[in-house]
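Report on the structure given below.
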Amino acid sequence: MSTLIKRFNEIAVGDADKVGGKNSSLGEMFNKLSSRGINVPDGFATTAHSFEYFLDHNKLKEPLALLMKQLNRQDYSNLKEIGSKARELFLNAILPGGLAEEIIESYKELCNGSNLAVAVRSSATAEDLPQASFAGQHESYLNIAGEEGLLKAVQKCFASLYTDRAIKYREDNGFKHEQVLLSVGIQKMVRSDLACAGVGFSLEPESGFRDIIHLSGVWGLGENIVQGAVTPDEYFVFKPTLRKGKNAIVQKKLGEKAKTMVYADRESSSSTTNIETPELKRQQFVLDDKEVLQLANWILLIEEHYQKPMDIEWAKDGITGELFIVQARPETVHSQKNPFLIKEYKLLEKGELLSEGNAVGEKAISGIARILQSPKEAARLKKGDIVVTDITSPDWDPLLKNSGGIVTNKGGRTSHASIVARELGVPAIVGCNNATEKIKDGEMITVSCCEGKTGRVYKGNLRIQETKLDFSHISKPQTTRAMMIVGDPDQAFRLSFYPNDGVGLMRIEFIITHFVQIHPMALVKFDSLKDESAKQKIEELTHRYPDKCGYFIDKLSQGIATIAAAFYPKEVIVRMSDFKTNEYATLVGGKDFEPTEANPMLGFRGASRYYNDLYKEGFQLECEAIKKVRYEMGLTNVKVMIPFCRTVEEGRKVIGVMRENGLDRDKDNTLEIYVMAEIPSNILDAEEFAQVFDGFSIGSNDLTQLTLGIDRDSAIISNLFNEQNSNVEKMISMVIQKAKEEGVKIGLCGQAPSDYPEFAAFLVEQGIDSISFNPDAILKGIENIRRAEVSFLNKEKSISGPVLQNNLE
């Protein structure tokens, strides 16, 4: 058996010391997972022994050691010079005849004697470890054909062990240079230049949420996505319902994909080239749903096989149409963190917005903007400065170690800049498009990644609040469920780590306003829309949808599904739309469909819209979105809640409309429909409402407003608004007792139980089932509930004690 070459069918995961982390993983998958349907391109690898043979044959060990001794470890000012000299030693050396012969023989065997194109990739013996990925530190070469070209590529891979960035990476991570050896993997090329390629994570890469598979993809070769040269498509797949065979794609995002990397002409000095992506292809997803689910299932199998979160690369062959896994390595950022130890950042003021893009991480930081064109300008960067540039590559790594943050024009969440930012623990905003134009070199800026998935760059040194949270030892209440109020899908995975018993109120208005943007009736009746500017905007937003109503259903269902997945299997109670007419009118096309009301707060809102001809078809789209989430995606933890239902008869009408729209509790006994208890009639007729609905959620704001006859938007009488008013508390007590008598659930959503411990105590004493809090109030709310439960229990003991004693006597 050769000690210089190993074929993939001879390699297992335990061979990392012989063929490096990358190649050992490829061999492991080729041998263990191909039988389970995962396509891995065949190949072979030069061994670490080959590398040592090369070093010894050319007597390179001593000169390399001398060069490394000359490295200035104070400021690495001579890193470029040392790296260049080290690589020169490799490139001026000669591949030993025996090694060259075995490489050529294995190549012929792999390609059946023809000059097929192969990928030639470096694989270091210390890479792809859980604590150090070495991602992007060494070189890879694509579309290499012919014996001469292959041998040159192998030698250049050997030399890449001493790229500037690889030297610095080993220095930073405590690896001795002479102890890291290099293997080279030679693998059949997948013709993704004629199709697409991308990366995948077996967790959500921003929050570390473990039940999501995140895929991203671009047209052409996958190097563009790794380099961050383009903004890719993104797909989020939910593992628990994927395992059940559901269409578990909870969210899709179309990327710009402005460039496509393809093979260059053979005469070219480079093996690949970037071309402009045609506009039609930019507007298409690179994968269809079937392909997304196929890749997701493969990633699930890979993660289960390795028993750890994984980072993979995939490619689609444009000739055969087949998908392949071309790399798999352990995920090295979130797998090493405790997700229950969190630092929260909050901007205490807003400044002038300069640019925005995809947020990487959840931090915020202020610093001097330093616009750099290339790593050659490293001397201009002072520690803590924020790097602003078009795009980064692994050559930037030594420089980025000193940055306080990163802002790029190009790239997505899996680009080089994103990966480095996560490893360094600094905020980054990628894919801004105009950052280098809008931000001035040397000006003070604030980089904010704490406002959701959209990162923003503000002018000036804004005040930032940093809070350290430790959820690992927080005990939840014993009897009263502490739930959350959530509306923004971009925050859902992060919020899932907070102590909670689910989502007691999910408002869909946020999704409709920010993600849908269009009035549903403007989609239903698009052809009769009078507002030409609105029609134009709708065309822009929905141009990929032959049926414009499908746009609304897709966007709303994905928003709901993202939140439902984040908190699964805990229940997520989705309140159907409760815009007032003046709020609906602000949506695109909304003015044509909304009446003008003197008092929208008490007008055409909530349940009364759902069966009215003015909105009935719009409500049907909301129901279609719920159906998609529950029945297609399998997220049956979603419950439905009806707001502002004035009468029992109105409740029956709404239930009837929902039944017509396919949400039928007689056919689906897991479907639950709640009603908001926010109108005095809901309390007075609670027994009858309980016959129609499965439970109540007390809306304390509206209930206080209508009990006391106060317009809660009026500043003049705002001092009279008090949820703890005795009459309001009588109403709340009454509805809780009636719900208990009828055997249905009842909760309350609002700020008061976190602000006022005595109000939390009142609710606990009344026997409420759950209280829902805004995320920033849930810790205080839990504390108030727990204290109230202890106090109530002690009070009960003090009452029952004498009674028990009397009975014994």
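Chain labels follow the order of the structure tokens: the first chain is A, the next B, and so on; residue numbering restarts at 1 in every chain, and ligands are counted from 1 in their shown order.
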Exercise for review: Might you pull out every residue within 10 Å of A:Ile342, with only C-alpha atoms counted and same-chain residues fewer than 2 positions away left off, and present them as a list in words?
Suggested key: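 Within the cut-off, the hits are Lys337, Asn338, Pro339, Phe340, Glu344, Tyr345, Glu362, Thr467, Lys468, Leu469, Asp470, Phe471, Arg494, Phe497 and Tyr498 of chain A.
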Just want the 7 Å neighbourhood of A:Asp211, counted on only C-alpha atoms, with same-chain residues fewer than 2 positions away dropped. Output as a PDB file with N, CA and C atoms, in the first residue's frame.
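result.pdb, freshly written:
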ATOM      1  N   LEU A 203     -26.807  24.447  11.547  1.00  0.00           N
ATOM      2  CA  LEU A 203     -27.437  25.317  12.546  1.00  0.00           C
ATOM      3  C   LEU A 203     -27.612  26.694  11.917  1.00  0.00           C
ATOM      4  N   PHE A 209     -28.867  28.667  16.636  1.00  0.00           N
ATOM      5  CA  PHE A 209     -30.075  27.864  16.857  1.00  0.00           C
ATOM      6  C   PHE A 209     -29.910  26.513  16.152  1.00  0.00           C
ATOM      7  N   ILE A 213     -31.449  24.239   9.423  1.00  0.00           N
ATOM      8  CA  ILE A 213     -30.398  24.039   8.430  1.00  0.00           C
ATOM      9  C   ILE A 213     -30.419  25.262   7.529  1.00  0.00           C
ATOM     10  N   PHE A 238     -36.347  23.621   8.604  1.00  0.00           N
ATOM     11  CA  PHE A 238     -36.576  23.254  10.002  1.00  0.00           C
ATOM     12  C   PHE A 238     -36.439  21.744  10.182  1.00  0.00           C
ATOM     13  N   LYS A 239     -35.482  21.325  11.000  1.00  0.00           N
ATOM     14  CA  LYS A 239     -35.145  19.905  11.131  1.00  0.00           C
ATOM     15  C   LYS A 239     -36.299  19.019  11.631  1.00  0.00           C
TER      16      LYS A 239
END
Per residue of stretch 503-589 of chain A within 7 Å of stretch 641-653 of chain A, note the shortest atom pair and the distance in Å to one decimal, counting only C-alpha atoms, and order the rows by chain and increasing residue number, as CSV.
residue,atom,partner,partner_atom,distance
A:Ile573,CA,A:Met641,CA,6.5
A:Val574,CA,A:Met641,CA,5.8
A:Arg575,CA,A:Met641,CA,4.4
A:Met576,CA,A:Ile642,CA,5.9
A:Asp578,CA,A:Pro643,CA,6.5
Point to revise | Residue neighbourhood A:Gln251, 7 Å, only C-alpha atoms, exclusion window fewer than 2 positions, as a PyMOL selection string | key: chain A and resi 235-236+249+253+558+562
Check your understanding: Residues at most 8 Å from stretch 365-381 of chain A, counting only C-alpha atoms, excluding those fewer than 4 positions away in the same chain, as a VMD selection string?
Key -> chain A and resid 385 to 390 395 to 396 399 402 to 405 427 436 439 to 448 460 to 462 464
Mind dumping the selected residues with C-alpha atoms as a PDB file, in the first residue's frame?
ATOM      1  CA  ASP A 385     -10.852  50.875  13.551  1.00  0.00           C
ATOM      2  CA  ILE A 386     -13.749  49.658  11.436  1.00  0.00           C
ATOM      3  CA  VAL A 387     -12.711  48.246   8.072  1.00  0.00           C
ATOM      4  CA  VAL A 388     -14.873  49.526   5.219  1.00  0.00           C
ATOM      5  CA  THR A 389     -14.147  47.911   1.851  1.00  0.00           C
ATOM      6  CA  ASP A 390     -15.667  46.412  -1.266  1.00  0.00           C
ATOM      7  CA  ASP A 395      -5.530  37.583   2.357  1.00  0.00           C
ATOM      8  CA  TRP A 396      -7.219  40.156   4.618  1.00  0.00           C
ATOM      9  CA  LEU A 399      -5.301  42.815   9.002  1.00  0.00           C
ATOM     10  CA  ASN A 402      -7.038  44.369  14.535  1.00  0.00           C
ATOM     11  CA  SER A 403     -10.425  45.630  13.381  1.00  0.00           C
ATOM     12  CA  GLY A 404     -13.320  46.567  15.620  1.00  0.00           C
ATOM     13  CA  GLY A 405     -15.860  45.767  12.913  1.00  0.00           C
ATOM     14  CA  PRO A 427     -19.931  42.943  14.234  1.00  0.00           C
ATOM     15  CA  THR A 436     -17.464  52.806   0.374  1.00  0.00           C
ATOM     16  CA  ILE A 439     -18.968  56.409   4.465  1.00  0.00           C
ATOM     17  CA  LYS A 440     -16.032  58.827   4.648  1.00  0.00           C
ATOM     18  CA  ASP A 441     -12.565  57.623   5.544  1.00  0.00           C
ATOM     19  CA  GLY A 442     -11.610  58.704   9.053  1.00  0.00           C
ATOM     20  CA  GLU A 443     -15.101  59.616  10.237  1.00  0.00           C
ATOM     21  CA  MET A 444     -16.608  58.249  13.436  1.00  0.00           C
ATOM     22  CA  ILE A 445     -19.362  55.705  12.720  1.00  0.00           C
ATOM     23  CA  THR A 446     -21.535  53.280  14.655  1.00  0.00           C
ATOM     24  CA  VAL A 447     -22.003  49.758  13.294  1.00  0.00           C
ATOM     25  CA  SER A 448     -25.262  48.272  14.580  1.00  0.00           C
ATOM     26  CA  GLY A 460     -21.238  59.473  14.750  1.00  0.00           C
ATOM     27  CA  ASN A 461     -20.429  57.864  18.083  1.00  0.00           C
ATOM     28  CA  LEU A 462     -23.870  56.761  19.276  1.00  0.00           C
ATOM     29  CA  ILE A 464     -24.738  51.888  23.141  1.00  0.00           C
TER      30      ILE A 464
END
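For A:Leu116, the set of protein, DNA and RNA residues having any atom at most 8 Å away, when counting only C-alpha atoms and skipping those fewer than 2 positions along the same chain, is A:Cys111, A:Ser114, A:Val118, A:Ala145, A:Gly146, A:Lys188.
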Exercise for review: Using backbone DSSP assignments, extract all strand (DSSP E) residues from stretch 290-512 of chain A; output them as a PyMOL selection string.
Suggested key: chain A and resi 310-316+323-330+341-347+353-360+364-371+386-389+405-408+428-430+444-448+454-459+464-470+481-486+503-507
Please write the residues from the selection above to a file, keeping C-alpha atoms, as a short mmCIF file (atom, residue, chain, number, x, y, z; two decimals), in the first residue's frame.
data_model
loop_
_atom_site.label_atom_id
_atom_site.label_comp_id
_atom_site.auth_asym_id
_atom_site.auth_seq_id
_atom_site.Cartn_x
_atom_site.Cartn_y
_atom_site.Cartn_z
CA MET A 310 -21.39 20.84 10.48
CA ASP A 311 -20.37 23.34 7.82
CA ILE A 312 -20.64 21.89 4.30
CA GLU A 313 -20.13 22.90 0.68
CA TRP A 314 -22.39 21.65 -2.08
CA ALA A 315 -22.46 21.85 -5.88
CA LYS A 316 -24.88 21.00 -8.68
CA LEU A 323 -26.30 17.50 -6.50
CA PHE A 324 -23.05 16.73 -4.68
CA ILE A 325 -21.46 17.37 -1.28
CA VAL A 326 -17.88 18.51 -1.93
CA GLN A 327 -16.75 19.36 1.62
CA ALA A 328 -17.86 18.91 5.23
CA ARG A 329 -16.16 20.22 8.35
CA PRO A 330 -17.16 20.88 11.98
CA LEU A 341 -24.81 33.32 28.08
CA ILE A 342 -25.78 36.38 26.08
CA LYS A 343 -24.62 39.94 25.67
CA GLU A 344 -27.41 42.21 24.52
CA TYR A 345 -26.72 45.47 22.75
CA LYS A 346 -29.14 48.34 22.34
CA LEU A 347 -28.76 51.73 20.67
CA LEU A 353 -28.16 56.41 8.42
CA LEU A 354 -25.20 56.02 6.07
CA SER A 355 -25.60 52.48 4.75
CA GLU A 356 -27.26 49.16 5.51
CA GLY A 357 -26.86 45.49 4.61
CA ASN A 358 -26.91 42.00 6.16
CA ALA A 359 -26.06 41.96 9.86
CA VAL A 360 -23.52 39.41 11.04
CA ALA A 364 -23.03 47.24 18.10
CA ILE A 365 -19.79 49.23 18.17
CA SER A 366 -18.49 52.70 17.39
CA GLY A 367 -15.13 53.45 15.81
CA ILE A 368 -13.18 55.26 13.12
CA ALA A 369 -14.08 54.18 9.58
CA ARG A 370 -11.05 53.14 7.58
CA ILE A 371 -11.76 52.70 3.88
CA ILE A 386 -13.75 49.66 11.44
CA VAL A 387 -12.71 48.25 8.07
CA VAL A 388 -14.87 49.53 5.22
CA THR A 389 -14.15 47.91 1.85
CA GLY A 405 -15.86 45.77 12.91
CA ILE A 406 -16.21 45.04 9.20
CA VAL A 407 -18.41 46.69 6.56
CA THR A 408 -18.40 45.46 2.94
CA ALA A 428 -19.99 42.97 10.45
CA ILE A 429 -22.40 44.32 7.88
CA VAL A 430 -22.04 42.71 4.44
CA MET A 444 -16.61 58.25 13.44
CA ILE A 445 -19.36 55.71 12.72
CA THR A 446 -21.53 53.28 14.65
CA VAL A 447 -22.00 49.76 13.29
CA SER A 448 -25.26 48.27 14.58
CA THR A 454 -30.59 44.25 8.71
CA GLY A 455 -27.35 45.83 9.87
CA ARG A 456 -27.06 49.63 9.83
CA VAL A 457 -24.15 52.05 9.75
CA TYR A 458 -24.88 55.38 11.45
CA LYS A 459 -22.86 58.55 11.45
CA ILE A 464 -24.74 51.89 23.14
CA GLN A 465 -26.09 49.90 26.08
CA GLU A 466 -24.49 46.52 26.74
CA THR A 467 -26.22 44.03 29.05
CA LYS A 468 -24.85 40.64 30.10
CA LEU A 469 -27.49 37.94 30.56
CA ASP A 470 -27.15 34.42 31.91
CA ARG A 481 -46.60 29.99 32.19
CA ALA A 482 -44.29 32.87 31.24
CA MET A 483 -44.71 33.43 27.50
CA MET A 484 -43.40 35.99 25.06
CA ILE A 485 -44.81 38.63 22.73
CA VAL A 486 -42.99 38.36 19.38
CA VAL A 503 -45.34 32.76 22.37
CA GLY A 504 -48.59 34.00 23.86
CA LEU A 505 -49.04 36.73 21.25
CA MET A 506 -47.56 36.82 17.80
CA ARG A 507 -48.68 39.95 15.99
#
Review point. Restricting the calculation to only C-alpha atoms, which member of A:Phe493, A:Phe567, A:Phe552, A:Phe696 is positioned closest to A:Glu204?
Key: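 Going through A:Phe493, A:Phe567, A:Phe552, A:Phe696 one by one, the smallest distance to A:Glu204 is for A:Phe493.
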Exercise for review: Can you pull out every residue within 10 Å of stretch 257-266 of chain A, counting only C-alpha atoms, but drop anything in the same chain fewer than 5 positions away, and send it as number ranges by chain?
Suggested key: A: 142-145, 191-196, 217-225, 229-233, 271-279, 281-286, 410-412
What are the closest atom pairs, with distances in Å to one decimal, for each residue of stretch 151-223 of chain A lying within 10 Å of stretch 8-16 of chain A, using only C-alpha atoms, rows by chain and rising residue number, as a tab-separated table?
residue	atom	partner	partner_atom	distance
A:Ser183	CA	A:Ala16	CA	9.5
A:Gly185	CA	A:Phe8	CA	9.2
A:Ile186	CA	A:Phe8	CA	9.6
A:Gln187	CA	A:Phe8	CA	9.1
Selection above as a file: N, CA, C and O atoms, as a short mmCIF file (atom, residue, chain, number, x, y, z; two decimals), in the first residue's frame:
data_model
loop_
_atom_site.label_atom_id
_atom_site.label_comp_id
_atom_site.auth_asym_id
_atom_site.auth_seq_id
_atom_site.Cartn_x
_atom_site.Cartn_y
_atom_site.Cartn_z
N SER A 183 -1.73 17.98 3.08
CA SER A 183 -2.17 16.98 2.11
C SER A 183 -2.90 17.73 0.99
O SER A 183 -3.41 18.84 1.20
N GLY A 185 -5.96 17.23 -1.85
CA GLY A 185 -7.05 16.41 -2.36
C GLY A 185 -7.28 16.69 -3.83
O GLY A 185 -7.35 17.85 -4.24
N ILE A 186 -7.34 15.64 -4.64
CA ILE A 186 -7.64 15.76 -6.08
C ILE A 186 -8.98 15.07 -6.30
O ILE A 186 -9.11 13.87 -6.06
N GLN A 187 -9.97 15.83 -6.74
CA GLN A 187 -11.35 15.36 -6.76
C GLN A 187 -11.99 15.70 -8.10
O GLN A 187 -11.73 16.76 -8.67
#
Exercise for review: Please identify which residues in stretch 422-513 of chain A DSSP calls helix (DSSP H, G or I) from the backbone, and express them as a list of chain:residue names.
Suggested key: A:Arg422, A:Glu423, A:Leu424, A:Ala435, A:Thr436, A:Glu437, A:Lys438, A:Pro489, A:Asp490, A:Gln491, A:Ala492, A:Phe493, A:Arg494, A:Leu495, A:Glu509, A:Phe510, A:Ile511, A:Ile512, A:Thr513
Point to revise | Separation of atom CA of A:Leu400 from atom CA of A:Leu424 in Å | key: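 Between atom CA of A:Leu424 and atom CA of A:Leu400 the gap works out to 8.6 Å.
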Exercise for review: Would you mind telling me which residue in A:Asp56, A:Glu723, A:Glu109, A:Glu291 lies nearest to A:Asp755 when using only C-alpha atoms?
Suggested key: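 Checking each candidate against A:Asp755, we get A:Glu723 as the closest.
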Review point. Which is closest to A:Leu33 among A:Lys453, A:His305, A:Lys548, A:His334, if we use only C-alpha atoms?
Key: A:His305
Exercise for review: State, in Å with one decimal place, the distance from atom CA of A:Lys627 to atom CA of A:Asn661.
Suggested key: 8.9 Å
Exercise for review: Find the distance between atom CA of A:Tyr141 and atom CA of A:Lys18 and write it in Å to one decimal.
Suggested key: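 Atom-to-atom, atom CA of A:Tyr141 and atom CA of A:Lys18 are spaced 21.0 Å apart.
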